[in-house]
Amino acid sequence: NIAHGNSSIVADQIALKLVGKKGYVVTEAGFGADIGMEKFFNIKCRYSGLRPNCVLLVATVRALKMHGKGPKVTAGRPIPREYTEENLPLVKAGVCNMQKHIENANKFGVPVVVCINRFATDTEEELEEVRKAAMAAGADAAVVGEHHAKGGEGAVAVAEAVAAACKRSREADDKGTGGFRYLYPLDIPIKSKIETIAKEIYGAKAVQYSPEAEEKIKLYTEMGFGSLPICMAKTQYSLSADAEAKGVPVDHVLPIKDIRVAAGAGFIYPLCGTMSTMPGLPTRPAYYDIDVDPDTGKIVGLF
């Protein structure tokens, strides 16, 4: 949620070479569709020149219940029963969040397939409620994924839906009717790019800049960085800058506390609200304890 949250362009190019013209490459755009997906399209696709054929949006009944104002989940404590028992009102109240992400993806002209990751406690009625909401919002397909319980067999339906969406997208590209597009052009002012993302993707009604951010915008424009794409640093827990605001917040103002430039990487990154730019990583990396047992061939030290 600070950087672009995507794999490298080189990694995608290697994968595309390995799978060939008839293969499929699945590349992650993490930290929620409002952050990772938007940056994938507006930053990574610009630099790579690659055009995606499908968005695979992952949703869960539990997450949507939380966006429907379900009780708070605290690490180390039992999960509230609202998340482990059928609760259709919470699901219905929370699907708006998923629908907003589908709406956002459609703005880039790429078909959306929703994978509903099934938990053992999900009911058929809850899953169907999510599926119907996804289709109503403009998804190309919405399929229940059971790969956690069944492995690859449980993901076949999802893969088939993705393959079908990609086929239609490729055929449209071949005919010159493909609709992939960026959210904003690079030659507009820095503020205009920020405000386009804030209003179109986050649903904000306005953007508020600190005096420091105003000075940085002026400085970076004078230095010739005004044509760089924007990499928003924002909480992944909400469409707004308030991590506690669930669902689809309306009439919110996006606060820009500071703006910095990553000249080498090629983007400007505004800090939305209180954001730490230093990830909480251990001083001793976990890979020191991971190895392969030469006698058994098994990996040790993962857990």
# chains A, B, ... in the order shown; residues from 1 in each chain; ligands from 1

call {"tool": "closest_atom_pairs", "arguments": {"of": "region 93-197 of chain A", "to": "region 68-81 of chain A", "cutoff": "12 Å", "atoms": "only C-alpha atoms", "output": "tab-separated table"}}
result
residue	atom	partner	partner_atom	distance
A:Ala93	CA	A:Gly68	CA	4.4
A:Gly94	CA	A:Gly68	CA	3.6
A:Val95	CA	A:Gly68	CA	7.4
A:Cys96	CA	A:Gly68	CA	8.4
A:Asn97	CA	A:Gly68	CA	8.6
A:Met98	CA	A:Gly68	CA	11.0
A:Thr121	CA	A:Arg81	CA	10.2
A:Asp122	CA	A:Arg81	CA	11.9

call {"tool": "write_last_selection", "arguments": {"atoms": "all heavy atoms", "output": "compact mmCIF listing (two decimals), in the first residue's frame"}}
result
# COMPACT_ATOMS: atom_id res chain seq x y z
N ALA A 93 -25.45 -6.10 3.20
CA ALA A 93 -24.98 -4.76 3.53
C ALA A 93 -23.54 -4.53 3.08
O ALA A 93 -23.14 -3.39 2.82
CB ALA A 93 -25.08 -4.53 5.05
N GLY A 94 -22.77 -5.61 2.95
CA GLY A 94 -21.35 -5.47 2.64
C GLY A 94 -20.96 -5.64 1.19
O GLY A 94 -19.85 -5.25 0.80
N VAL A 95 -21.84 -6.21 0.36
CA VAL A 95 -21.46 -6.47 -1.04
C VAL A 95 -21.19 -5.18 -1.82
O VAL A 95 -20.56 -5.21 -2.88
CB VAL A 95 -22.53 -7.31 -1.78
CG1 VAL A 95 -22.58 -8.72 -1.23
CG2 VAL A 95 -23.89 -6.63 -1.72
N CYS A 96 -21.64 -4.05 -1.29
CA CYS A 96 -21.41 -2.78 -1.97
C CYS A 96 -19.91 -2.52 -2.16
O CYS A 96 -19.51 -1.90 -3.15
CB CYS A 96 -22.05 -1.63 -1.21
SG CYS A 96 -21.45 -1.43 0.50
N ASN A 97 -19.10 -3.00 -1.21
CA ASN A 97 -17.66 -2.80 -1.33
C ASN A 97 -17.10 -3.54 -2.54
O ASN A 97 -16.34 -2.98 -3.34
CB ASN A 97 -16.95 -3.26 -0.05
CG ASN A 97 -15.46 -3.06 -0.10
OD1 ASN A 97 -14.71 -3.95 -0.50
ND2 ASN A 97 -15.00 -1.89 0.31
N MET A 98 -17.50 -4.79 -2.70
CA MET A 98 -17.10 -5.57 -3.87
C MET A 98 -17.60 -4.92 -5.15
O MET A 98 -16.87 -4.85 -6.16
CB MET A 98 -17.64 -6.99 -3.76
CG MET A 98 -17.41 -7.86 -5.00
SD MET A 98 -18.33 -9.41 -4.96
CE MET A 98 -20.04 -8.83 -4.99
N THR A 121 -17.55 -22.48 6.54
CA THR A 121 -18.75 -22.02 7.25
C THR A 121 -19.70 -21.23 6.35
O THR A 121 -20.80 -20.87 6.79
CB THR A 121 -18.35 -21.15 8.45
OG1 THR A 121 -17.47 -20.11 8.00
CG2 THR A 121 -17.64 -21.98 9.52
N ASP A 122 -19.30 -20.95 5.10
CA ASP A 122 -20.19 -20.22 4.19
C ASP A 122 -21.38 -21.08 3.80
O ASP A 122 -21.24 -22.30 3.59
CB ASP A 122 -19.44 -19.82 2.91
CG ASP A 122 -18.30 -18.85 3.17
OD1 ASP A 122 -18.29 -18.22 4.24
OD2 ASP A 122 -17.43 -18.73 2.30

call {"tool": "select_by_dssp", "arguments": {"residues": "region 14-50 of chain A", "states": "helix (DSSP H, G or I)", "output": "PyMOL selection string"}}
result
chain A and resi 14-19+33-48

call {"tool": "write_last_selection", "arguments": {"atoms": "C-alpha atoms", "output": "PDB file, in the first residue's frame"}}
result
ATOM      1  CA  ILE A  14       9.763 -14.281 -18.272  1.00  0.00           C
ATOM      2  CA  ALA A  15       6.396 -15.880 -17.445  1.00  0.00           C
ATOM      3  CA  LEU A  16       4.911 -14.855 -20.804  1.00  0.00           C
ATOM      4  CA  LYS A  17       7.888 -16.360 -22.609  1.00  0.00           C
ATOM      5  CA  LEU A  18       7.583 -19.623 -20.685  1.00  0.00           C
ATOM      6  CA  VAL A  19       3.834 -20.149 -21.214  1.00  0.00           C
ATOM      7  CA  ALA A  33      -8.235  -3.387  -6.102  1.00  0.00           C
ATOM      8  CA  ASP A  34      -8.369   0.300  -5.147  1.00  0.00           C
ATOM      9  CA  ILE A  35      -4.590   0.283  -4.636  1.00  0.00           C
ATOM     10  CA  GLY A  36      -2.776  -2.608  -6.358  1.00  0.00           C
ATOM     11  CA  MET A  37      -5.039  -2.854  -9.396  1.00  0.00           C
ATOM     12  CA  GLU A  38      -5.124   0.893 -10.000  1.00  0.00           C
ATOM     13  CA  LYS A  39      -1.322   1.086  -9.788  1.00  0.00           C
ATOM     14  CA  PHE A  40      -0.948  -1.976 -11.997  1.00  0.00           C
ATOM     15  CA  PHE A  41      -2.909  -0.280 -14.765  1.00  0.00           C
ATOM     16  CA  ASN A  42      -1.744   3.312 -14.404  1.00  0.00           C
ATOM     17  CA  ILE A  43       1.926   2.695 -13.562  1.00  0.00           C
ATOM     18  CA  LYS A  44       3.068  -0.805 -14.480  1.00  0.00           C
ATOM     19  CA  CYS A  45       1.156  -1.160 -17.748  1.00  0.00           C
ATOM     20  CA  ARG A  46       2.450   2.211 -18.936  1.00  0.00           C
ATOM     21  CA  TYR A  47       6.070   1.169 -18.424  1.00  0.00           C
ATOM     22  CA  SER A  48       5.730  -2.431 -19.626  1.00  0.00           C
TER      23      SER A  48
END

call {"tool": "residues_around", "arguments": {"residues": "region 152-164 of chain A", "least_positions_apart": "6", "cutoff": "9 Å", "atoms": "only C-alpha atoms", "output": "ChimeraX atom specification"}}
result
/A:24,54-56,112-115,140-146

call {"tool": "write_last_selection", "arguments": {"atoms": "all heavy atoms", "output": "CSV table (one decimal), in the first residue's frame"}}
result
chain,number,residue,atom,x,y,z
A,24,TYR,N,-1.3,-18.6,-20.1
A,24,TYR,CA,-1.9,-17.6,-19.3
A,24,TYR,C,-0.9,-17.2,-18.2
A,24,TYR,O,-0.3,-18.1,-17.6
A,24,TYR,CB,-3.2,-18.0,-18.6
A,24,TYR,CG,-4.3,-18.4,-19.6
A,24,TYR,CD1,-4.3,-19.7,-20.2
A,24,TYR,CD2,-5.2,-17.5,-20.0
A,24,TYR,CE1,-5.3,-20.0,-21.1
A,24,TYR,CE2,-6.2,-17.8,-20.9
A,24,TYR,CZ,-6.3,-19.0,-21.5
A,24,TYR,OH,-7.2,-19.3,-22.4
A,54,CYS,N,-7.8,-9.7,-18.4
A,54,CYS,CA,-8.8,-10.0,-17.4
A,54,CYS,C,-8.4,-9.6,-16.0
A,54,CYS,O,-7.2,-9.6,-15.7
A,54,CYS,CB,-9.1,-11.5,-17.4
A,54,CYS,SG,-10.3,-12.1,-16.2
A,55,VAL,N,-9.4,-9.1,-15.2
A,55,VAL,CA,-9.1,-8.8,-13.8
A,55,VAL,C,-9.8,-10.0,-13.0
A,55,VAL,O,-11.0,-10.3,-13.2
A,55,VAL,CB,-9.8,-7.5,-13.4
A,55,VAL,CG1,-9.8,-7.4,-11.9
A,55,VAL,CG2,-9.1,-6.3,-14.0
A,56,LEU,N,-9.0,-10.6,-12.2
A,56,LEU,CA,-9.6,-11.7,-11.3
A,56,LEU,C,-9.7,-11.0,-9.9
A,56,LEU,O,-8.7,-10.8,-9.2
A,56,LEU,CB,-8.7,-12.9,-11.2
A,56,LEU,CG,-9.2,-14.0,-10.3
A,56,LEU,CD1,-10.5,-14.5,-10.8
A,56,LEU,CD2,-8.2,-15.2,-10.3
A,112,VAL,N,-14.1,-8.4,-15.8
A,112,VAL,CA,-13.8,-8.8,-14.4
A,112,VAL,C,-14.5,-10.1,-14.1
A,112,VAL,O,-15.6,-10.3,-14.4
A,112,VAL,CB,-14.4,-7.7,-13.5
A,112,VAL,CG1,-14.1,-8.1,-12.0
A,112,VAL,CG2,-13.9,-6.3,-13.8
A,113,VAL,N,-13.6,-11.0,-13.6
A,113,VAL,CA,-14.1,-12.3,-13.1
A,113,VAL,C,-14.0,-12.3,-11.6
A,113,VAL,O,-12.9,-12.0,-11.1
A,113,VAL,CB,-13.4,-13.5,-13.7
A,113,VAL,CG1,-13.8,-14.8,-13.0
A,113,VAL,CG2,-13.6,-13.6,-15.2
A,114,VAL,N,-15.0,-12.5,-10.8
A,114,VAL,CA,-15.0,-12.5,-9.4
A,114,VAL,C,-14.8,-14.0,-8.9
A,114,VAL,O,-15.6,-14.9,-9.3
A,114,VAL,CB,-16.2,-11.9,-8.8
A,114,VAL,CG1,-16.2,-12.0,-7.2
A,114,VAL,CG2,-16.4,-10.5,-9.2
A,115,CYS,N,-13.8,-14.2,-8.1
A,115,CYS,CA,-13.6,-15.5,-7.5
A,115,CYS,C,-14.0,-15.4,-6.0
A,115,CYS,O,-13.5,-14.6,-5.3
A,115,CYS,CB,-12.1,-16.0,-7.5
A,115,CYS,SG,-11.8,-17.4,-6.5
A,140,ASP,N,-18.0,-10.0,-15.4
A,140,ASP,CA,-18.2,-10.9,-16.6
A,140,ASP,C,-18.6,-12.3,-16.1
A,140,ASP,O,-19.3,-12.9,-16.8
A,140,ASP,CB,-16.8,-11.0,-17.3
A,140,ASP,CG,-16.9,-11.6,-18.7
A,140,ASP,OD1,-17.4,-10.8,-19.6
A,140,ASP,OD2,-16.6,-12.7,-18.9
A,141,ALA,N,-18.1,-12.7,-14.9
A,141,ALA,CA,-18.5,-13.9,-14.3
A,141,ALA,C,-18.2,-13.9,-12.8
A,141,ALA,O,-17.4,-13.1,-12.4
A,141,ALA,CB,-17.8,-15.1,-15.0
A,142,ALA,N,-18.9,-14.7,-12.1
A,142,ALA,CA,-18.7,-14.8,-10.6
A,142,ALA,C,-18.8,-16.2,-10.2
A,142,ALA,O,-19.8,-16.8,-10.4
A,142,ALA,CB,-19.7,-13.9,-9.8
A,143,VAL,N,-17.7,-16.8,-9.8
A,143,VAL,CA,-17.6,-18.2,-9.5
A,143,VAL,C,-17.0,-18.5,-8.1
A,143,VAL,O,-16.1,-17.8,-7.7
A,143,VAL,CB,-16.6,-18.9,-10.6
A,143,VAL,CG1,-16.6,-20.4,-10.4
A,143,VAL,CG2,-17.0,-18.5,-12.0
A,144,VAL,N,-17.6,-19.5,-7.5
A,144,VAL,CA,-17.1,-20.0,-6.2
A,144,VAL,C,-15.8,-20.8,-6.4
A,144,VAL,O,-15.8,-21.7,-7.1
A,144,VAL,CB,-18.2,-20.8,-5.5
A,144,VAL,CG1,-17.6,-21.3,-4.1
A,144,VAL,CG2,-19.4,-19.9,-5.2
A,145,GLY,N,-14.8,-20.4,-5.6
A,145,GLY,CA,-13.5,-21.1,-5.7
A,145,GLY,C,-13.4,-22.0,-4.4
A,145,GLY,O,-13.6,-21.5,-3.3
A,146,GLU,N,-13.1,-23.3,-4.6
A,146,GLU,CA,-13.0,-24.2,-3.5
A,146,GLU,C,-11.6,-24.8,-3.5
A,146,GLU,O,-11.4,-25.9,-3.0
A,146,GLU,CB,-14.0,-25.3,-3.7
A,146,GLU,CG,-15.5,-24.8,-3.6
A,146,GLU,CD,-16.5,-25.9,-3.6
A,146,GLU,OE1,-16.7,-26.5,-2.5
A,146,GLU,OE2,-17.0,-26.3,-4.7

call {"tool": "residues_around", "arguments": {"residues": "Lys100 (chain A)", "least_positions_apart": "3", "cutoff": "12 Å", "atoms": "only C-alpha atoms", "output": "PDB file with N, CA and C atoms, in the first residue's frame"}}
result
ATOM      1  N   GLY A  32      -5.647  -4.829  -2.292  1.00  0.00           N
ATOM      2  CA  GLY A  32      -6.979  -4.355  -2.661  1.00  0.00           C
ATOM      3  C   GLY A  32      -7.004  -3.741  -4.046  1.00  0.00           C
ATOM      4  N   ALA A  33      -8.133  -3.872  -4.730  1.00  0.00           N
ATOM      5  CA  ALA A  33      -8.235  -3.387  -6.102  1.00  0.00           C
ATOM      6  C   ALA A  33      -8.129  -1.875  -6.190  1.00  0.00           C
ATOM      7  N   ASP A  34      -8.464  -1.160  -5.108  1.00  0.00           N
ATOM      8  CA  ASP A  34      -8.369   0.300  -5.147  1.00  0.00           C
ATOM      9  C   ASP A  34      -6.922   0.775  -5.113  1.00  0.00           C
ATOM     10  N   LEU A  57     -10.891 -10.705  -9.533  1.00  0.00           N
ATOM     11  CA  LEU A  57     -11.163 -10.043  -8.258  1.00  0.00           C
ATOM     12  C   LEU A  57     -11.563 -11.091  -7.220  1.00  0.00           C
ATOM     13  N   HIS A  67     -17.427  -5.581   5.892  1.00  0.00           N
ATOM     14  CA  HIS A  67     -17.777  -4.324   5.232  1.00  0.00           C
ATOM     15  C   HIS A  67     -19.253  -3.993   5.416  1.00  0.00           C
ATOM     16  N   GLY A  94     -22.769  -5.607   2.953  1.00  0.00           N
ATOM     17  CA  GLY A  94     -21.349  -5.466   2.641  1.00  0.00           C
ATOM     18  C   GLY A  94     -20.956  -5.636   1.190  1.00  0.00           C
ATOM     19  N   VAL A  95     -21.838  -6.206   0.359  1.00  0.00           N
ATOM     20  CA  VAL A  95     -21.459  -6.468  -1.039  1.00  0.00           C
ATOM     21  C   VAL A  95     -21.194  -5.184  -1.820  1.00  0.00           C
ATOM     22  N   CYS A  96     -21.644  -4.051  -1.287  1.00  0.00           N
ATOM     23  CA  CYS A  96     -21.408  -2.781  -1.970  1.00  0.00           C
ATOM     24  C   CYS A  96     -19.914  -2.518  -2.158  1.00  0.00           C
ATOM     25  N   ASN A  97     -19.102  -2.999  -1.212  1.00  0.00           N
ATOM     26  CA  ASN A  97     -17.656  -2.801  -1.332  1.00  0.00           C
ATOM     27  C   ASN A  97     -17.103  -3.538  -2.544  1.00  0.00           C
ATOM     28  N   GLU A 103     -16.830  -1.936 -10.301  1.00  0.00           N
ATOM     29  CA  GLU A 103     -17.052  -0.681 -11.031  1.00  0.00           C
ATOM     30  C   GLU A 103     -15.714  -0.028 -11.391  1.00  0.00           C
ATOM     31  N   ASN A 104     -14.791  -0.023 -10.433  1.00  0.00           N
ATOM     32  CA  ASN A 104     -13.475   0.571 -10.683  1.00  0.00           C
ATOM     33  C   ASN A 104     -12.727  -0.166 -11.790  1.00  0.00           C
ATOM     34  N   ALA A 105     -12.759  -1.486 -11.741  1.00  0.00           N
ATOM     35  CA  ALA A 105     -12.062  -2.283 -12.758  1.00  0.00           C
ATOM     36  C   ALA A 105     -12.644  -2.036 -14.141  1.00  0.00           C
ATOM     37  N   ASN A 106     -13.958  -1.915 -14.219  1.00  0.00           N
ATOM     38  CA  ASN A 106     -14.605  -1.691 -15.506  1.00  0.00           C
ATOM     39  C   ASN A 106     -14.228  -0.347 -16.125  1.00  0.00           C
ATOM     40  N   LYS A 107     -13.782   0.588 -15.302  1.00  0.00           N
ATOM     41  CA  LYS A 107     -13.373   1.894 -15.823  1.00  0.00           C
ATOM     42  C   LYS A 107     -12.126   1.789 -16.690  1.00  0.00           C
ATOM     43  N   ALA A 133     -24.792 -10.260  -6.595  1.00  0.00           N
ATOM     44  CA  ALA A 133     -24.361  -8.868  -6.453  1.00  0.00           C
ATOM     45  C   ALA A 133     -23.223  -8.545  -7.410  1.00  0.00           C
ATOM     46  N   ALA A 134     -22.323  -9.500  -7.594  1.00  0.00           N
ATOM     47  CA  ALA A 134     -21.196  -9.303  -8.508  1.00  0.00           C
ATOM     48  C   ALA A 134     -21.680  -9.146  -9.948  1.00  0.00           C
ATOM     49  N   ALA A 136     -24.634  -8.244 -10.922  1.00  0.00           N
ATOM     50  CA  ALA A 136     -25.426  -7.021 -11.045  1.00  0.00           C
ATOM     51  C   ALA A 136     -24.529  -5.794 -11.193  1.00  0.00           C
ATOM     52  N   ALA A 137     -23.309  -5.877 -10.655  1.00  0.00           N
ATOM     53  CA  ALA A 137     -22.381  -4.747 -10.710  1.00  0.00           C
ATOM     54  C   ALA A 137     -21.582  -4.698 -12.002  1.00  0.00           C
ATOM     55  N   GLY A 138     -21.738  -5.703 -12.855  1.00  0.00           N
ATOM     56  CA  GLY A 138     -21.055  -5.679 -14.141  1.00  0.00           C
ATOM     57  C   GLY A 138     -19.909  -6.652 -14.288  1.00  0.00           C
ATOM     58  N   ALA A 139     -19.829  -7.649 -13.405  1.00  0.00           N
ATOM     59  CA  ALA A 139     -18.785  -8.670 -13.556  1.00  0.00           C
ATOM     60  C   ALA A 139     -19.076  -9.531 -14.774  1.00  0.00           C
ATOM     61  N   GLU A 200     -12.540   9.055  -8.632  1.00  0.00           N
ATOM     62  CA  GLU A 200     -13.003   7.946  -9.455  1.00  0.00           C
ATOM     63  C   GLU A 200     -12.856   6.589  -8.768  1.00  0.00           C
ATOM     64  N   ILE A 201     -11.751   6.385  -8.060  1.00  0.00           N
ATOM     65  CA  ILE A 201     -11.472   5.080  -7.455  1.00  0.00           C
ATOM     66  C   ILE A 201     -11.903   5.013  -5.992  1.00  0.00           C
ATOM     67  N   TYR A 202     -11.605   6.041  -5.213  1.00  0.00           N
ATOM     68  CA  TYR A 202     -11.916   6.022  -3.777  1.00  0.00           C
ATOM     69  C   TYR A 202     -13.299   6.581  -3.459  1.00  0.00           C
ATOM     70  N   GLY A 203     -13.896   7.311  -4.391  1.00  0.00           N
ATOM     71  CA  GLY A 203     -15.206   7.901  -4.133  1.00  0.00           C
ATOM     72  C   GLY A 203     -15.164   9.139  -3.261  1.00  0.00           C
ATOM     73  N   SER A 238      -9.640   0.316   3.749  1.00  0.00           N
ATOM     74  CA  SER A 238     -10.819   1.101   3.401  1.00  0.00           C
ATOM     75  C   SER A 238     -10.605   1.773   2.062  1.00  0.00           C
ATOM     76  N   LEU A 239     -11.703   2.116   1.397  1.00  0.00           N
ATOM     77  CA  LEU A 239     -11.605   2.896   0.178  1.00  0.00           C
ATOM     78  C   LEU A 239     -11.174   4.328   0.481  1.00  0.00           C
ATOM     79  N   GLY A 247     -17.280  -0.653   3.990  1.00  0.00           N
ATOM     80  CA  GLY A 247     -18.276  -0.524   2.937  1.00  0.00           C
ATOM     81  C   GLY A 247     -17.784   0.396   1.842  1.00  0.00           C
ATOM     82  N   VAL A 248     -18.615   1.352   1.467  1.00  0.00           N
ATOM     83  CA  VAL A 248     -18.249   2.361   0.464  1.00  0.00           C
ATOM     84  C   VAL A 248     -18.468   3.737   1.086  1.00  0.00           C
ATOM     85  N   PRO A 249     -17.445   4.305   1.699  1.00  0.00           N
ATOM     86  CA  PRO A 249     -17.579   5.625   2.324  1.00  0.00           C
ATOM     87  C   PRO A 249     -17.982   6.679   1.288  1.00  0.00           C
ATOM     88  N   VAL A 250     -18.860   7.577   1.679  1.00  0.00           N
ATOM     89  CA  VAL A 250     -19.310   8.644   0.774  1.00  0.00           C
ATOM     90  C   VAL A 250     -18.997  10.010   1.381  1.00  0.00           C
TER      91      VAL A 250
END

call {"tool": "select_by_dssp", "arguments": {"residues": "region 98-303 of chain A", "states": "strand (DSSP E)", "output": "ChimeraX atom specification"}}
result
/A:112-117,141-145,206-209,253-262,267-272,291-292,299-300

call {"tool": "residues_around", "arguments": {"residues": "Ala213 (chain A)", "least_positions_apart": "2", "cutoff": "12 Å", "atoms": "only C-alpha atoms", "output": "PyMOL selection string"}}
result
chain A and resi 190-191+194+207-211+215-220+255-261+268-273
